[in-house]
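Q: Before I ask anything, let me first share the structure, which is written out below as structure tokens.
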Amino acid sequence: MASKGWKTVFRTDLREVLRDRRTLFINLLLPVLLYPLMTLLLVQVSQIAAATPRPPPRIALVGADGDLQRALTGLTLVALSPSEAKAATNPDRAAARDILRRHDLVAVLSVEGNRLEIRRDEAHARIDRAEEAINKAVGQWKRQRSEQALVGSGLNPADVLDPVTIIRSGVAPPVETIRTRLAGIIPLLLVVLAVSGAMYPAVDLLAGERERGTLETLLSLPVRRRDLFLGKLLVVLVAALAAVLCNLMSLGVTAALVGSQVAAGGLEGFDARTLAGVGLPTLGLCLLLLLPLVITIGAVALALSAVATSAKEAQNHLAPLLLVVALLGSAAAIPDLRPNPALDLIPVTGATVVLRAALENPGRVPWGDAFLVLVASVCTAAVIVGWAVRLLEREDIRFPGLVRAGWGRWRTWGVNPGPGGLEALGLVAVAAAGMTLGAGLFAQAAPATLVVTPLILFIAGPALLHAWTGAYRPAQLYWILPTWRQAGLAVLLSPLAIAVTLSVGVTQQLVVDPVLLKPVEEQMRKILGDLSTMGGLPLLLLCTAIVPAVCEELLCRGPILAGLRRALGPTTAVIVSALLFAALHQSPFRFVPQAVLGILLAILTLRTGSVMPAMIVHALHNGSLVVAETVLR
Amino acid sequence: MLPVLILDQVRKSFFDPGRGEVRAVDNLTLALEPGVTALVGANGAGKSTLLRLMSTLLVPDAGTIAWDGLDVVERPEDLRRRLGYLSTTTRLTPRLTAREVLRHIGHLYGLDGADLDARLAAQVAAFGLERVLDQRMDGLSTGERQRVNLARTLLADPDLVVLDEPATGLDLVAAAQVRTAVRLARREGRLILLATHHLDEVEALADRLLVLHQGRVAYDGPPGGLGQGEGLRAAVLELMDEVPHGV
């Protein structure tokens with residue numbers, strides 16, 4: 001019975017949402033009508049604007065020049081009295097402004113011999129049209145003067161003024177040109193549409209239900225709280241995806257209709273093919289990257305709705321979500337921003353940047369980055385959904401008006417349950433941002449500082465700070481001493497860890513082009529060589545084995561594993577924590593071996609309840625590989 | 001008769017920014033047998049909290065609650081399968097018809113097919129819902145909605161029926177229908193917990209009366225043990241530390 005609870009909740013909630021006129025309007029009707037109506041409105045406005053006579057901008061010309069006066073077309077020339085002309089060209093800007101505004105002038109042009117001074121009122125409503133006409137006239141006038149001077153000197157004006165003939169022509173089909181321009185906007189549009197599509201159903205299905213009193217009824221029924229949340233989450237996802245698809249369809253149809261009209265005017269190829277022409281693999285990639293993103297956004301929206309005491313409060317919570325997603329997604333609009341491992345790990349940003357690259361050039365999809373984005377997005381979605389589906393199991397969420405719970409050091413109420421999945425994810429984000437930043441900050445530092453400082457500051461630092469602010473007991477983070485037997489077991493397991501990661505690494509070398517691996521290996525060898533030269537084997541082992549093992553285990557097998565375990569259960573937590581541990585190394589080539597090592601270390605930590613055995617295996621693993629690389633080689 | 005619901009040293013507190021810790025239920029120990037037990041107490045005495053604790057909506061800070069020997073905190077779903085809970089704050093989905101609401105809730109109880117149809121027909125007949133069955137909930141009157149709500153509470157034939165002020169806000173006719181429904185809901189092995197402010201309801205329906213005051217039981221016994229009519233009212237008010245006007 002319990003297993004199909006979410007299906008029953010999904011079916012009924014979907015039926016209820018489909019009967020809500022506001023949801024239908026916002027998620028289906030508005031997206032379908034938006035673009036045709038906007039286009040219609042723009043066409044109407046431009047037609048009205050074209051049909052409405054616009055008075056030409058008014059200017060005054062002081063010190064009349066016949067050629068210039070003839071060139072000034074499309075403008076109304078106003079005559080000024082001598083005293084006004086003097087004031088308008090006076091260095092006193094305030095006096096000049098008074099004259100211009102008294103006669104509603106956009107500019108006063110004063111000619112004195114070969115000197116032309118243009119005084120403009122930049123705040124005038126018709127400044128742009130006036131400037132365009134003035135620039136054209138002045139260009140013509142200057143050319144006339146130049147031609148007269150050249151003819152006077154016995155030269156052919158064409159030889160001097162047009163010595164080079166410039167011919168510009170484009171080679172790209174118009175479809176591709178437009179696609180490149182749209183590629184910066186479409187990923188951002190998709191994520192913003194997903195949030196706005198998820199918002200209304202999310203508010204209605206939890207905060208709205210709480211306000212209407214139907215949530216308490218549901219909570220008293222024999223359906224598991226996580227099934228209840230899951231059923232509602234699926235409705236939110238369907239609504240968000242429907243909004244995205246309706247928007248895209250409406251955009252495509254409108255573009256095709258407008259395009260066929262524009263094509264008649266000479267812009268060949270601007271039609272639905274603009275988007276469809278990206279090819280099936282790229283469209284598949286779009287869907288693949290969007291799905292975990294929409295799941296994450298839907299779960300966050302529903303979670304924010306769950307913690308609100310009323311629908312109005314939920315709307316207040318959700319408005320910043322739209323802003324955050326829009327900001328993260330707008331990275332795709334930054335010109336020349338290419339996908340890289342650090343960006344790939346940032347939720348929303350990574351996906352939009354990769355999507356832009358794929359849409360811009362469907363022939364050269366960055367598959368490595370797409371994979372990393374997918375791993376990060378799936379991990380994020382798993383953690384967020386894993387955390388969110390358990391929200392209704394919490395009393396302070398079921399009855400927020402009755403039960404209030406603080407957090408960590410400032411907790412005033414309730415029992416400290418240990419770190420959660422969101423905290424784990426937040427720590428990964430802080431560590432990833434820190435390591436990216438750290439690479440730049442310490443790029444010029446000595447090799448030992450370059451290796452050790454970012455680990456202490458951005459890996460161990462956030463873990464310690466988090467433990468302090470959360471007021472967690474060491475046992476809740478697995479930060480306790482192992483038994484002698486467990487420590488001994490760790491030493492015995494080390495050769496296995498080395499064998500497994502080495503075989504994965506060797507297999508990877510067979511698959512991956514050695515040319516791609518070469519720069520990574522060379523950089524690694526250089527750092528190892530420098531460390532060895534500076535302090536010999538002890539410094540080498542300290543910097544590459546002991547410090548990384550202590551710092552990385554403190555974080556990855558400490559609060560991250562503990563938080564994920566609470567959110568997702570032990571098995572998923574082992575896998576997700578290992579993937580995040582590998583992703584934190586920010587190297588696609590080390591991803592698979594690190595992920596395998598992460599799985600082994602996470603299992604060891606959960607089995608022993610302490611991070612120390614994992615630290616021992618990690619240090620022995622790194623130390624053995626480094627010794628093999630430097631000393632034996 | 002053997003008790004079916006046993007509360008042992010149950011405590012539940014809330015945090016109130018103004019008052020600090022508020023003990024809504026204070027070390028309560030109770031053994032409840034099948035029949036109708038009425039809960040009476042002033043607003044804030046802990047009635048709703050106690051009923052929510054027994055319905056697994058809230059979790060006790062300390063103590064245990066057992067239904068038929070099973071710990072309801074450990075296995076809340078087991079109790080919810082045998083629970084019908086209705087309070088002043090439980091409403092039904094407004095955009096669905098009464099039939100859709102009842103079928104949906106039946107599905108959540110694991111009912112299906114002919115079994116669900118038969119139970120639905122029985123509740124429709126018991127509460128006179130034939131006329132409103134295919135109308136949307138948001139189009140029904142308050143009394144009609146409460147009758148549908150009672151029908152859904154009893155749809156799965158629960159062994160524990162929790163009714164938290166079911167007649168509040170209803171007109172005289174609807175309130176009388178609710179009382180009749182409670183009377184009809186009595187059956188062997190079923191425990192009905194009824195929180196109310198109406199002592200005539202208590203006298204008419206309850207086998208046992210619990211008067212709650214500041215989270216503790218101030219009286220536990222048959223309603224007649226405190227008197228009848230005005231005598232019962234005066235005794236209950238005294239237990240609630242309230243003095244009636246004019247006394």
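Going by the structure tokens order, chains are called A, B, ..., each with residues numbered from 1, while ligands are numbered from 1 in the order shown.
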What's the 12 Å shell around segment 20-32 of chain A, counting only C-alpha atoms, without same-chain residues fewer than 3 positions away, as a PyMOL selection string?

A: (chain A and resi 13-17+35-38+193-205+235-254) or (chain B and resi 93-96)

Q: At a cut-off of 8 Å, which residues of chain B touch chain A? Count only C-alpha atoms and give the answer as a count of residues only.

A: 28

Q: For segment 159-166 of chain B, find every residue with an atom within 7 Å (counting only C-alpha atoms), except residues of its own chain fewer than 5 positions away, and show them as a ChimeraX atom specification.

A: /B:48,51,82-88,189-196

Q: Distance atom CA of Pro339 of chain A-atom CA of Ala582 of chain A, one decimal place?

A: 18.0 Å

Q: Could you jot down the atom CA of Val217 of chain B to atom CA of Val202 of chain B separation for me, Å, one decimal place?

A: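 If I compute the distance from atom CA of Val217 of chain B to atom CA of Val202 of chain B, I get 16.4 Å.
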
Q: For Pro462 of chain A, work out the shell of residues within 8 Å, counting only C-alpha atoms and skipping chain neighbours fewer than 3 positions away, then give it as a PDB file with N, CA, C and O atoms, in the first residue's frame.

A:
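Result saved to selection.pdb:
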ATOM      1  N   LEU A 427      28.811  22.788   1.918  1.00  0.00           N
ATOM      2  CA  LEU A 427      30.254  22.638   2.170  1.00  0.00           C
ATOM      3  C   LEU A 427      30.998  22.335   0.876  1.00  0.00           C
ATOM      4  O   LEU A 427      32.089  22.855   0.636  1.00  0.00           O
ATOM      5  N   VAL A 430      31.292  25.582  -1.011  1.00  0.00           N
ATOM      6  CA  VAL A 430      32.304  26.469  -0.425  1.00  0.00           C
ATOM      7  C   VAL A 430      33.705  25.957  -0.769  1.00  0.00           C
ATOM      8  O   VAL A 430      34.589  26.724  -1.186  1.00  0.00           O
ATOM      9  N   ALA A 431      33.908  24.636  -0.621  1.00  0.00           N
ATOM     10  CA  ALA A 431      35.229  24.060  -0.894  1.00  0.00           C
ATOM     11  C   ALA A 431      35.589  24.217  -2.378  1.00  0.00           C
ATOM     12  O   ALA A 431      36.721  24.584  -2.715  1.00  0.00           O
ATOM     13  N   LEU A 457      43.034  25.920   4.120  1.00  0.00           N
ATOM     14  CA  LEU A 457      42.079  27.026   4.153  1.00  0.00           C
ATOM     15  C   LEU A 457      40.697  26.643   3.626  1.00  0.00           C
ATOM     16  O   LEU A 457      39.689  27.027   4.194  1.00  0.00           O
ATOM     17  N   PHE A 458      40.679  25.907   2.518  1.00  0.00           N
ATOM     18  CA  PHE A 458      39.401  25.726   1.828  1.00  0.00           C
ATOM     19  C   PHE A 458      38.801  24.318   1.958  1.00  0.00           C
ATOM     20  O   PHE A 458      37.676  24.094   1.543  1.00  0.00           O
ATOM     21  N   ILE A 459      39.571  23.380   2.503  1.00  0.00           N
ATOM     22  CA  ILE A 459      39.016  22.031   2.699  1.00  0.00           C
ATOM     23  C   ILE A 459      38.816  21.782   4.204  1.00  0.00           C
ATOM     24  O   ILE A 459      37.700  21.566   4.651  1.00  0.00           O
ATOM     25  N   LEU A 465      34.914  25.021  10.672  1.00  0.00           N
ATOM     26  CA  LEU A 465      33.993  26.129  10.945  1.00  0.00           C
ATOM     27  C   LEU A 465      32.545  25.610  11.016  1.00  0.00           C
ATOM     28  O   LEU A 465      31.765  25.999  11.892  1.00  0.00           O
ATOM     29  N   HIS A 466      32.236  24.707  10.099  1.00  0.00           N
ATOM     30  CA  HIS A 466      30.891  24.130  10.080  1.00  0.00           C
ATOM     31  C   HIS A 466      30.607  23.359  11.364  1.00  0.00           C
ATOM     32  O   HIS A 466      29.540  23.475  11.956  1.00  0.00           O
ATOM     33  N   LEU A 555      36.802  16.684   5.779  1.00  0.00           N
ATOM     34  CA  LEU A 555      35.635  17.252   5.097  1.00  0.00           C
ATOM     35  C   LEU A 555      34.771  16.170   4.429  1.00  0.00           C
ATOM     36  O   LEU A 555      33.590  16.036   4.729  1.00  0.00           O
TER      37      LEU A 555
END

Q: With a distance cut-off of 12 Å and only C-alpha atoms, select the neighbouring residues of segment 534-540 of chain A, excluding the residue or stretch itself and same-chain residues fewer than 3 positions from it, and output the selection as a ChimeraX atom specification.

A: /A:446-449,451-452,525,527-531,543-548,619,622-632

Q: Just asking: which residues within segment 25-79 of chain B are helix (DSSP H, G or I) according to DSSP, as a list in words?

A: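 Result set for segment 25-79 of chain B (helix (DSSP H, G or I)): Lys47, Ser48, Thr49, Leu50, Leu51, Arg52, Leu53, Met54, Pro76, Glu77, Asp78 and Leu79 of chain B.
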
Q: Those selected residues, please, written with N, CA and C atoms and delivered as a JSON list (two decimals), in the first residue's frame.

A:
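Generated file (result-v1.json):
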[["chain", "number", "residue", "atom", "x", "y", "z"],
["B", 47, "LYS", "N", -5.84, 19.90, 24.82],
["B", 47, "LYS", "CA", -6.70, 18.89, 24.19],
["B", 47, "LYS", "C", -6.22, 18.54, 22.78],
["B", 48, "SER", "N", -6.06, 19.59, 21.95],
["B", 48, "SER", "CA", -5.67, 19.33, 20.55],
["B", 48, "SER", "C", -4.30, 18.70, 20.46],
["B", 49, "THR", "N", -3.38, 19.15, 21.34],
["B", 49, "THR", "CA", -2.03, 18.57, 21.33],
["B", 49, "THR", "C", -2.09, 17.09, 21.68],
["B", 50, "LEU", "N", -2.89, 16.78, 22.71],
["B", 50, "LEU", "CA", -3.02, 15.38, 23.13],
["B", 50, "LEU", "C", -3.60, 14.53, 21.99],
["B", 51, "LEU", "N", -4.63, 15.06, 21.32],
["B", 51, "LEU", "CA", -5.24, 14.29, 20.23],
["B", 51, "LEU", "C", -4.28, 14.15, 19.05],
["B", 52, "ARG", "N", -3.49, 15.20, 18.79],
["B", 52, "ARG", "CA", -2.50, 15.11, 17.70],
["B", 52, "ARG", "C", -1.40, 14.10, 18.06],
["B", 53, "LEU", "N", -1.03, 14.05, 19.33],
["B", 53, "LEU", "CA", -0.03, 13.06, 19.75],
["B", 53, "LEU", "C", -0.56, 11.65, 19.54],
["B", 54, "MET", "N", -1.85, 11.45, 19.91],
["B", 54, "MET", "CA", -2.43, 10.11, 19.78],
["B", 54, "MET", "C", -2.68, 9.76, 18.32],
["B", 76, "PRO", "N", 4.26, 4.71, 13.09],
["B", 76, "PRO", "CA", 3.06, 5.55, 12.98],
["B", 76, "PRO", "C", 2.10, 5.09, 11.88],
["B", 77, "GLU", "N", 2.66, 4.51, 10.79],
["B", 77, "GLU", "CA", 1.78, 4.11, 9.67],
["B", 77, "GLU", "C", 0.79, 3.01, 10.10],
["B", 78, "ASP", "N", 1.25, 2.15, 11.02],
["B", 78, "ASP", "CA", 0.38, 1.07, 11.49],
["B", 78, "ASP", "C", -0.87, 1.63, 12.15],
["B", 79, "LEU", "N", -0.67, 2.70, 12.94],
["B", 79, "LEU", "CA", -1.82, 3.30, 13.61],
["B", 79, "LEU", "C", -2.69, 4.04, 12.60]]

Q: With only C-alpha atoms as the counted atoms, please give the residues lying no more than 6 Å from Leu212 of chain B, apart from itself and same-chain residues fewer than 2 positions off, as a list in words.

A: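 The residues satisfying every condition are Gly41, Ala45, Arg216, Val217 and Ala218 of chain B.
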
Q: Output as a ChimeraX atom specification all residues of segment 19-156 of chain B that backbone DSSP marks as strand (DSSP E or B).

A: /B:20-32,35-41,62-67,70-71,83-86,97,136

Q: Report, in Å to a single decimal, how far apart atom CA of Leu597 of chain A and atom CA of Gly505 of chain A are.

A: 11.0 Å

Q: Determine, counting only C-alpha atoms, which protein, DNA and RNA residues have an atom within 8 Å of an atom of Gln214 of chain B; residues of the same chain fewer than 3 positions away are not included. Present the result as a PyMOL selection string.

A: chain B and resi 23-26+44-46

Q: With C-alpha atoms retained, export the selected residues as a PDB file, in the first residue's frame.

A:
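Written out: out.pdb:
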ATOM      1  CA  ARG B  23       4.164  22.346  28.492  1.00  0.00           C
ATOM      2  CA  ALA B  24       1.048  21.518  26.483  1.00  0.00           C
ATOM      3  CA  VAL B  25       0.947  17.926  27.760  1.00  0.00           C
ATOM      4  CA  ASP B  26       2.646  17.339  31.095  1.00  0.00           C
ATOM      5  CA  GLY B  44      -4.780  25.991  25.525  1.00  0.00           C
ATOM      6  CA  ALA B  45      -5.408  23.198  28.073  1.00  0.00           C
ATOM      7  CA  GLY B  46      -3.705  20.691  25.747  1.00  0.00           C
TER       8      GLY B  46
END

Q: Calculated over only C-alpha atoms, which of the candidates A:Asp65, A:Asp344, A:Glu176, A:Glu360 has the smallest distance to Leu116 of chain A?

A: A:Asp65
